[in-house]
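Have a look at the structure below before the remarks.
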Amino acid sequence: MSAYMNALVALPVILPLLAGALSLAFWRSTAAQKLLGVFGTLALLVVSVHLLFETWEHDHLVMHMGSWHAPFGIVLVSDMLSAIMVVLTGIIGLATAVYSLSDIGTRHERFGYYPLFHLLLAGVNGAFLTGDIFNLYVWFEVMLVASFALLILGGERAQMEGAIKYVTLNLVSSMLFLTAIGLLYGLTGTLNMADIAVRLAEVEDTGLVTVIAMLFMVSFGIKAAAFPFFFWLPASYHTPKVAVSALFAGMLTKVGVYALYRVFTLIFNQDVDYTHEILLWVAMLTMLTGVLGAAAQFEFRRILSFHIISQIGYMILGLALFTPLAIVGGVFYIMHHIIVKANLFLISGLTYQLKGSHELKELGGLYRSHPMLAVLFMVPALSLAGLPPLSGFFAKFIIIRAGIEVEAWLAVAVALVVGLLTLYSMVKIWNEVFWKAQPAGFGQTATPARSLFWMWPPIVGLALMTVMIGLYGQPIFEMAELSAEQLLDTSRYIEAVLGADYVESLQEMRR
Amino acid sequence: MEVVMALVIGFLYAAALYMMLRRSIVKLVIGLVLLSNAANLLIFTAAGLVRGAPPLIYPGDLVPPGVSADPLAQALILTAIVIGFGVLAFAVVLIHRAYEVVGADDMDQMKDTDT
């Protein structure tokens with residue numbers, strides 16, 4: 001592989017780190033930081049799209065860091081799932097960077113919003129690309145530290161209270177992850193994920209393997225906000241600036257979902273009946289509790305926060321069913337969800353700027369005053385509920401179809417009911433925020449100090465993407481199909497990382 | 001030796017969980033500190049305890065002689081200690097600031113953002 005292709009795998013991590021370092025260098029100039037925010041994420045998007053196409057062509061791209069060959073050195077691996085996730089990070093990064101131009105005030109900018117923003121993107125991309133389990137922990141921590149600081153930027157009381165819950169539960173999750181890594185290392189003597197997968201097949205103590213698998217499930221379940229570990233999410237996601245909320249809602253929990261997909265396809269695939277049965281129940285309960293929690297809420301961003309949880313359930317359901325079609329559906333769902341959910345948060349921020357409130361009872365009349373915004377809300381809202389021809393319909397359709405094929409009737413029923421309740425929540429927002437008349441005494445914002453212009457392009461762009469995924473879903477489906485193929489046929493990943501010779505010599509040794 | 005270490009680690013996990021279940025946010029952070037130390041000791045023990053055999057390669061050899069301690073586990077712990085230090089420093093500043101804003105170190109006073 002040429003030097004450029006090698007570098008390409010690392011670029012999605014290097015570029016945000018570079019942009020973050022440059023933002024620090026321009027600490028005093030917010031204008032320069034804003035430019036770096038937009039053009040840094042634009043460069044990230046371009047590079048990641050290129051990486052996606054190269055990965056599509058070459059199946060797996062592997063970079064051995066410092067030329068220390070796997071399993072001894074750390075590897076960065078780009079398979080279809082990683083590449084797709086990196087592209088989505090680029091899209092959401094660019095959208096929120098543009099949105100930040102209008103949303104983030106000088107006070108936040110002075111306290112290092114942009115450097116932290118880039119650091120967060122670097123951490124997220126590192127977690128997606130690494131092929132080493134301990135390195136995954138390190139990237140998780142990079143991402144978490146950046147998210148901690150972004151979450152409390154502003155220092156209001158609600159932010160502090162939310163942050164304590166967010167920080168505590170995420171640290172507990174990290175420590176469980178570290179515990180699981182320690183036990184896994186003791187068992188296999190390696191940290192490279194491909195090597196672990198090869199060696200675990202020979203381990204005789206399958207009971208201990210299942211224990212480790214459960215530790216991973218709990219740890220990533222906390223990060224993904226799955227049932228019953230989701231409490232930190234609705235307590236904290238509505239407290240920071242909307243641009244930050246949107247970035248968190250789009251990417252952070254999905255890193256947990258990605259880690260579940262990676263670990264429970266590549267490493268823990270010996271005792272599928274046991275582990276994936278538990279995942280199935282987790283998925284169903286996550287969907288139900290999320291959507292029921294949302295039904296009880298009357299604050300725009302809190303409703304959206306609870307819907308993140310219920311949507312995470314669908315993604316885990318795709319993994320739990322563990323058929324090729326279900327994994328396709330899960331990957332498709334992740335792609336659809338990240339775009340739609342970030343967009344809904346961005347819209348909630350714009351309505352806040354227009355009407356000065358997040359409470360449904362204080363909002364109203366936006367259809368009359370801003371019909372364009374009402375249409376732009378309808379697109380992601382209906383897509384989230386799964387109405388055709390938008391992206392959410394196909395995402396739900398594939399997963400439910402996969403459920404019917406394996407006759408998991410209960411899961412299918414839950415998925416359908418949750419879809420309906422999602423529609424209920426979205427219609428509730430529509431009625432309260434857009435349709436009903438403006439309640440007297442509210443909605444009188446002082447004219448915003450800054451122009452709201454830069455809030456519109458990301459919302460329009462993401463809404464267009466939602467429509468396009470719905471209307472021209474074929475290439476997206478093909479990408480999801482290829483990534484499912486790669487996830488289920490682990491020998492391709494293992495050979496790409498370790499090399500055919502090494503795998504062969506291991507098999508010789510076993511004989 | 002392994003048995004003693006296992007008991008110590010188990011005790012540390014138990015103590016950490018006990019501290020985190022208290023209402024005081026100061027004790028919460030102490031619990032987190034204990035938890036990260038417990039995880040580090042667990043890596044140390046799980047990688048195998050070898051006494052008095054540093055993984056040194058003598059001049060002219062390609063591998064260390066005989067059984068030696070695993071240096072990778074210690075590198076992992078070192079990394080984890082550094083990360084844990086940074087994160088916990090953040091947590092301490094956070095609870096200090098939360099104490100200033102809320103005016104109490106009681107978790108029960110911090111329910112505004114829950115449902």
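In the structure tokens, chains take the letters A, B, ... in the order shown, each chain's residues start at 1, and ligands count up from 1 in the order shown.
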Within 6 Å of chain A, which residues of chain B are there when counting only C-alpha atoms? Please give them as a list in words.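 So the contacting residues turn out to be Ala39, Ile43, Ala46, Ala47, Ala98, Val101, Met110, Thr113 and Asp114 of chain B.
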Please save N, CA and C atoms of the selected residues as a short mmCIF file (atom, residue, chain, number, x, y, z; two decimals), in the first residue's frame.
```
data_model
loop_
_atom_site.label_atom_id
_atom_site.label_comp_id
_atom_site.auth_asym_id
_atom_site.auth_seq_id
_atom_site.Cartn_x
_atom_site.Cartn_y
_atom_site.Cartn_z
N ALA B 39 -9.03 -0.88 39.13
CA ALA B 39 -8.90 -1.37 37.75
C ALA B 39 -7.43 -1.53 37.39
N ILE B 43 -5.43 -5.05 36.24
CA ILE B 43 -4.62 -5.30 35.05
C ILE B 43 -3.27 -5.89 35.47
N ALA B 46 -3.87 -9.51 36.56
CA ALA B 46 -4.34 -10.41 35.50
C ALA B 46 -3.22 -10.72 34.52
N ALA B 47 -2.26 -9.79 34.37
CA ALA B 47 -1.17 -10.04 33.42
C ALA B 47 -0.15 -11.02 33.97
N ALA B 98 -19.58 22.85 41.26
CA ALA B 98 -20.98 22.50 41.51
C ALA B 98 -21.36 22.88 42.93
N VAL B 101 -22.07 26.55 42.97
CA VAL B 101 -23.30 26.96 42.30
C VAL B 101 -24.52 26.48 43.06
N MET B 110 -29.51 18.04 43.84
CA MET B 110 -29.15 18.26 42.43
C MET B 110 -30.09 17.50 41.51
N THR B 113 -32.26 18.70 36.97
CA THR B 113 -32.22 18.29 35.56
C THR B 113 -32.81 16.91 35.37
N ASP B 114 -33.16 16.21 36.46
CA ASP B 114 -33.84 14.93 36.27
C ASP B 114 -35.31 15.18 35.98
#
```
Determine, counting only C-alpha atoms, which protein, DNA and RNA residues have an atom within 6 Å of an atom of stretch 363-377 of chain A; residues of the same chain fewer than 3 positions away are not included. Present the result as a PyMOL selection string. chain A and resi 360+380+432-438
Contacts of stretch 2-13 of chain B within 12 Å, only C-alpha atoms, excl. fewer than 3 positions in-chain, as an NGL selection string: (:A and (172 or 175-176 or 179)) or (:B and (16-20 or 30-51))
Atoms to include: N, CA and C atoms. Write the selected residues as a short mmCIF file (atom, residue, chain, number, x, y, z; two decimals), in the first residue's frame.
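Wrote it out as part01.cif, contents follow:
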```cif
data_model
loop_
_atom_site.label_atom_id
_atom_site.label_comp_id
_atom_site.auth_asym_id
_atom_site.auth_seq_id
_atom_site.Cartn_x
_atom_site.Cartn_y
_atom_site.Cartn_z
N VAL A 172 -17.46 5.58 35.40
CA VAL A 172 -17.70 4.20 35.84
C VAL A 172 -17.63 3.27 34.63
N MET A 175 -14.08 2.70 33.66
CA MET A 175 -13.36 1.81 34.56
C MET A 175 -13.77 0.36 34.33
N LEU A 176 -15.05 0.14 34.05
CA LEU A 176 -15.48 -1.22 33.74
C LEU A 176 -14.82 -1.70 32.45
N THR A 179 -11.35 -2.62 33.30
CA THR A 179 -11.36 -3.91 33.98
C THR A 179 -11.48 -5.04 32.97
N ALA B 16 -15.07 1.29 46.56
CA ALA B 16 -15.38 2.32 45.57
C ALA B 16 -16.88 2.41 45.36
N LEU B 17 -17.53 1.26 45.20
CA LEU B 17 -18.98 1.28 44.97
C LEU B 17 -19.70 1.86 46.18
N TYR B 18 -19.23 1.47 47.39
CA TYR B 18 -19.88 1.99 48.59
C TYR B 18 -19.78 3.51 48.63
N MET B 19 -18.59 4.04 48.34
CA MET B 19 -18.41 5.48 48.38
C MET B 19 -19.27 6.18 47.33
N MET B 20 -19.40 5.56 46.16
CA MET B 20 -20.16 6.23 45.11
C MET B 20 -21.65 6.23 45.40
N ILE B 30 -14.14 10.38 45.63
CA ILE B 30 -13.23 9.42 46.28
C ILE B 30 -13.51 8.02 45.75
N GLY B 31 -14.78 7.70 45.58
CA GLY B 31 -15.14 6.41 45.02
C GLY B 31 -14.55 6.21 43.64
N LEU B 32 -14.61 7.26 42.81
CA LEU B 32 -14.04 7.15 41.47
C LEU B 32 -12.54 6.91 41.51
N VAL B 33 -11.86 7.60 42.44
CA VAL B 33 -10.41 7.40 42.58
C VAL B 33 -10.11 5.95 42.92
N LEU B 34 -10.86 5.42 43.90
CA LEU B 34 -10.63 4.02 44.30
C LEU B 34 -10.91 3.08 43.15
N LEU B 35 -11.95 3.38 42.37
CA LEU B 35 -12.32 2.50 41.27
C LEU B 35 -11.21 2.44 40.23
N SER B 36 -10.62 3.60 39.93
CA SER B 36 -9.57 3.59 38.90
C SER B 36 -8.34 2.85 39.42
N ASN B 37 -8.04 2.99 40.73
CA ASN B 37 -6.91 2.23 41.28
C ASN B 37 -7.18 0.74 41.27
N ALA B 38 -8.43 0.37 41.56
CA ALA B 38 -8.78 -1.05 41.55
C ALA B 38 -8.59 -1.62 40.15
N ALA B 39 -9.03 -0.88 39.13
CA ALA B 39 -8.90 -1.37 37.75
C ALA B 39 -7.43 -1.53 37.39
N ASN B 40 -6.59 -0.57 37.82
CA ASN B 40 -5.17 -0.67 37.50
C ASN B 40 -4.52 -1.89 38.15
N LEU B 41 -4.86 -2.12 39.43
CA LEU B 41 -4.30 -3.28 40.11
C LEU B 41 -4.77 -4.58 39.45
N LEU B 42 -6.02 -4.54 38.95
CA LEU B 42 -6.54 -5.74 38.31
C LEU B 42 -5.75 -6.08 37.04
N ILE B 43 -5.43 -5.05 36.24
CA ILE B 43 -4.62 -5.30 35.05
C ILE B 43 -3.27 -5.89 35.47
N PHE B 44 -2.70 -5.31 36.52
CA PHE B 44 -1.39 -5.74 37.01
C PHE B 44 -1.42 -7.22 37.39
N THR B 45 -2.47 -7.61 38.09
CA THR B 45 -2.56 -8.99 38.55
C THR B 45 -2.93 -9.94 37.41
N ALA B 46 -3.87 -9.51 36.56
CA ALA B 46 -4.34 -10.41 35.50
C ALA B 46 -3.22 -10.72 34.52
N ALA B 47 -2.26 -9.79 34.37
CA ALA B 47 -1.17 -10.04 33.42
C ALA B 47 -0.15 -11.02 33.97
N GLY B 48 -0.32 -11.43 35.23
CA GLY B 48 0.60 -12.43 35.82
C GLY B 48 1.63 -11.77 36.70
N LEU B 49 1.75 -12.26 37.93
CA LEU B 49 2.72 -11.67 38.86
C LEU B 49 4.01 -12.48 38.79
N VAL B 50 5.08 -11.81 38.41
CA VAL B 50 6.39 -12.48 38.34
C VAL B 50 7.35 -11.68 39.20
N ARG B 51 8.02 -12.38 40.13
CA ARG B 51 8.89 -11.66 41.07
C ARG B 51 10.33 -11.65 40.60
#
```
Within 8 Å of B:Pro71 using only C-alpha atoms, minus same-chain residues under 3 positions, as a count of residues only: 3
Tell me which protein, DNA and RNA residues are within 12 Å of A:Leu121, counting only C-alpha atoms, leaving out same-chain ones fewer than 6 positions away, and put them as a ChimeraX atom specification. /A:12-20,37,40-41,44-45,85-94,96-97,114-115,127-128,139-140,142-147,244,247-248,250-252,255
Export N, CA and C atoms of the chosen residues as a CSV table (one decimal), in the first residue's frame?
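What follows is the written file part_38.csv:
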```
chain,number,residue,atom,x,y,z
A,12,PRO,N,-8.2,11.3,9.2
A,12,PRO,CA,-9.4,11.8,10.0
A,12,PRO,C,-9.1,12.0,11.5
A,13,VAL,N,-8.0,11.5,12.0
A,13,VAL,CA,-7.6,11.8,13.4
A,13,VAL,C,-6.7,13.0,13.4
A,14,ILE,N,-5.8,13.0,12.5
A,14,ILE,CA,-4.7,14.0,12.5
A,14,ILE,C,-5.3,15.4,12.2
A,15,LEU,N,-6.2,15.5,11.2
A,15,LEU,CA,-6.7,16.8,10.8
A,15,LEU,C,-7.4,17.5,12.0
A,16,PRO,N,-8.4,16.9,12.7
A,16,PRO,CA,-9.0,17.6,13.8
A,16,PRO,C,-8.0,18.0,14.9
A,17,LEU,N,-7.0,17.1,15.1
A,17,LEU,CA,-6.0,17.4,16.1
A,17,LEU,C,-5.2,18.7,15.7
A,18,LEU,N,-4.9,18.7,14.4
A,18,LEU,CA,-4.1,19.8,13.9
A,18,LEU,C,-5.0,21.1,14.0
A,19,ALA,N,-6.2,21.0,13.6
A,19,ALA,CA,-7.1,22.2,13.6
A,19,ALA,C,-7.3,22.6,15.1
A,20,GLY,N,-7.3,21.7,16.0
A,20,GLY,CA,-7.5,22.0,17.4
A,20,GLY,C,-6.2,22.7,17.9
A,37,GLY,N,-12.6,26.3,12.4
A,37,GLY,CA,-13.7,25.4,12.7
A,37,GLY,C,-14.4,25.0,11.4
A,40,GLY,N,-11.6,23.4,8.8
A,40,GLY,CA,-11.0,22.2,9.4
A,40,GLY,C,-12.0,21.0,9.2
A,41,THR,N,-13.3,21.3,9.6
A,41,THR,CA,-14.2,20.2,9.4
A,41,THR,C,-14.5,19.9,8.0
A,44,LEU,N,-11.9,17.7,6.9
A,44,LEU,CA,-12.2,16.4,7.5
A,44,LEU,C,-13.2,15.6,6.7
A,45,LEU,N,-14.3,16.3,6.2
A,45,LEU,CA,-15.3,15.7,5.5
A,45,LEU,C,-14.8,15.2,4.1
A,85,MET,N,-18.8,5.7,9.6
A,85,MET,CA,-18.9,6.5,10.8
A,85,MET,C,-18.0,7.7,10.7
A,86,VAL,N,-16.8,7.6,10.1
A,86,VAL,CA,-15.9,8.7,10.0
A,86,VAL,C,-16.6,9.8,9.1
A,87,VAL,N,-17.2,9.3,8.0
A,87,VAL,CA,-17.9,10.3,7.1
A,87,VAL,C,-19.0,11.0,7.9
A,88,LEU,N,-19.7,10.2,8.7
A,88,LEU,CA,-20.8,10.9,9.4
A,88,LEU,C,-20.3,11.9,10.4
A,89,THR,N,-19.1,11.6,11.0
A,89,THR,CA,-18.5,12.6,11.9
A,89,THR,C,-18.2,13.8,11.2
A,90,GLY,N,-17.6,13.6,9.9
A,90,GLY,CA,-17.3,14.8,9.1
A,90,GLY,C,-18.6,15.6,8.8
A,91,ILE,N,-19.7,15.0,8.5
A,91,ILE,CA,-20.9,15.7,8.1
A,91,ILE,C,-21.4,16.5,9.3
A,92,ILE,N,-21.5,15.8,10.5
A,92,ILE,CA,-22.0,16.4,11.7
A,92,ILE,C,-21.1,17.5,12.2
A,93,GLY,N,-19.8,17.2,12.1
A,93,GLY,CA,-18.8,18.2,12.4
A,93,GLY,C,-18.9,19.5,11.6
A,94,LEU,N,-19.0,19.4,10.3
A,94,LEU,CA,-19.2,20.6,9.5
A,94,LEU,C,-20.5,21.3,9.8
A,96,THR,N,-22.3,21.3,12.6
A,96,THR,CA,-22.3,22.1,13.8
A,96,THR,C,-21.3,23.2,13.8
A,97,ALA,N,-20.2,23.0,13.1
A,97,ALA,CA,-19.2,24.2,13.0
A,97,ALA,C,-19.8,25.4,12.3
A,114,TYR,N,-13.7,26.2,20.4
A,114,TYR,CA,-13.2,25.5,19.2
A,114,TYR,C,-12.1,24.5,19.4
A,115,PRO,N,-11.1,24.7,20.2
A,115,PRO,CA,-10.1,23.7,20.4
A,115,PRO,C,-10.8,22.4,21.0
A,127,ALA,N,-11.6,6.6,17.9
A,127,ALA,CA,-12.4,5.4,18.4
A,127,ALA,C,-12.9,4.6,17.2
A,128,PHE,N,-13.3,5.3,16.2
A,128,PHE,CA,-13.9,4.5,15.0
A,128,PHE,C,-12.8,3.8,14.3
A,139,TRP,N,-8.9,6.5,23.2
A,139,TRP,CA,-9.7,7.5,22.4
A,139,TRP,C,-11.0,7.8,23.1
A,140,PHE,N,-11.6,6.8,23.8
A,140,PHE,CA,-12.8,7.1,24.5
A,140,PHE,C,-12.5,8.2,25.5
A,142,VAL,N,-10.1,10.5,25.5
A,142,VAL,CA,-9.9,11.8,24.8
A,142,VAL,C,-11.2,12.4,24.5
A,143,MET,N,-12.1,11.6,23.9
A,143,MET,CA,-13.5,12.1,23.6
A,143,MET,C,-14.2,12.6,24.8
A,144,LEU,N,-14.1,11.8,25.9
A,144,LEU,CA,-14.9,12.1,27.1
A,144,LEU,C,-14.4,13.4,27.8
A,145,VAL,N,-13.0,13.6,27.8
A,145,VAL,CA,-12.5,14.8,28.5
A,145,VAL,C,-13.0,16.0,27.7
A,146,ALA,N,-12.9,15.9,26.3
A,146,ALA,CA,-13.4,17.1,25.5
A,146,ALA,C,-14.9,17.3,25.8
A,147,SER,N,-15.7,16.2,25.9
A,147,SER,CA,-17.1,16.4,26.0
A,147,SER,C,-17.4,16.9,27.4
A,244,VAL,N,-23.6,22.2,20.8
A,244,VAL,CA,-22.9,21.1,21.5
A,244,VAL,C,-23.8,19.9,21.7
A,247,LEU,N,-24.1,18.0,18.5
A,247,LEU,CA,-22.9,17.2,18.3
A,247,LEU,C,-22.9,15.9,19.1
A,248,PHE,N,-23.2,16.1,20.4
A,248,PHE,CA,-23.3,15.0,21.3
A,248,PHE,C,-24.4,14.0,20.9
A,250,GLY,N,-25.7,13.6,18.0
A,250,GLY,CA,-25.3,12.9,16.8
A,250,GLY,C,-24.3,11.8,17.0
A,251,MET,N,-23.2,12.2,17.6
A,251,MET,CA,-22.0,11.3,17.6
A,251,MET,C,-21.8,10.5,18.8
A,252,LEU,N,-21.9,11.1,20.0
A,252,LEU,CA,-21.3,10.4,21.2
A,252,LEU,C,-21.9,9.1,21.5
A,255,VAL,N,-20.8,6.3,19.3
A,255,VAL,CA,-19.5,5.7,19.5
A,255,VAL,C,-19.7,4.4,20.4
```
So which one's closest to A:Glu202, A:Leu350, A:Gln507, A:Ala385, A:Asn170? Using only C-alpha atoms, please. A:Gln507
Just the residues within 9 Å of A:Arg492, please, counting only C-alpha atoms, with nothing from its chain fewer than 6 positions along; format it as a list in words.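 My reading of the contact set: Asp59, His60 and Gln486 of chain A.
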Could you give me, as a PyMOL selection string, the residues within 8 Å of A:Thr30, counting only C-alpha atoms and dropping anything in the same chain fewer than 5 positions from it? chain A and resi 106+109-110
So the first atom is atom CA of B:Asp108 and the second is atom CA of B:Leu94; what is the distance between them in Å, to one decimal place? 16.9 Å
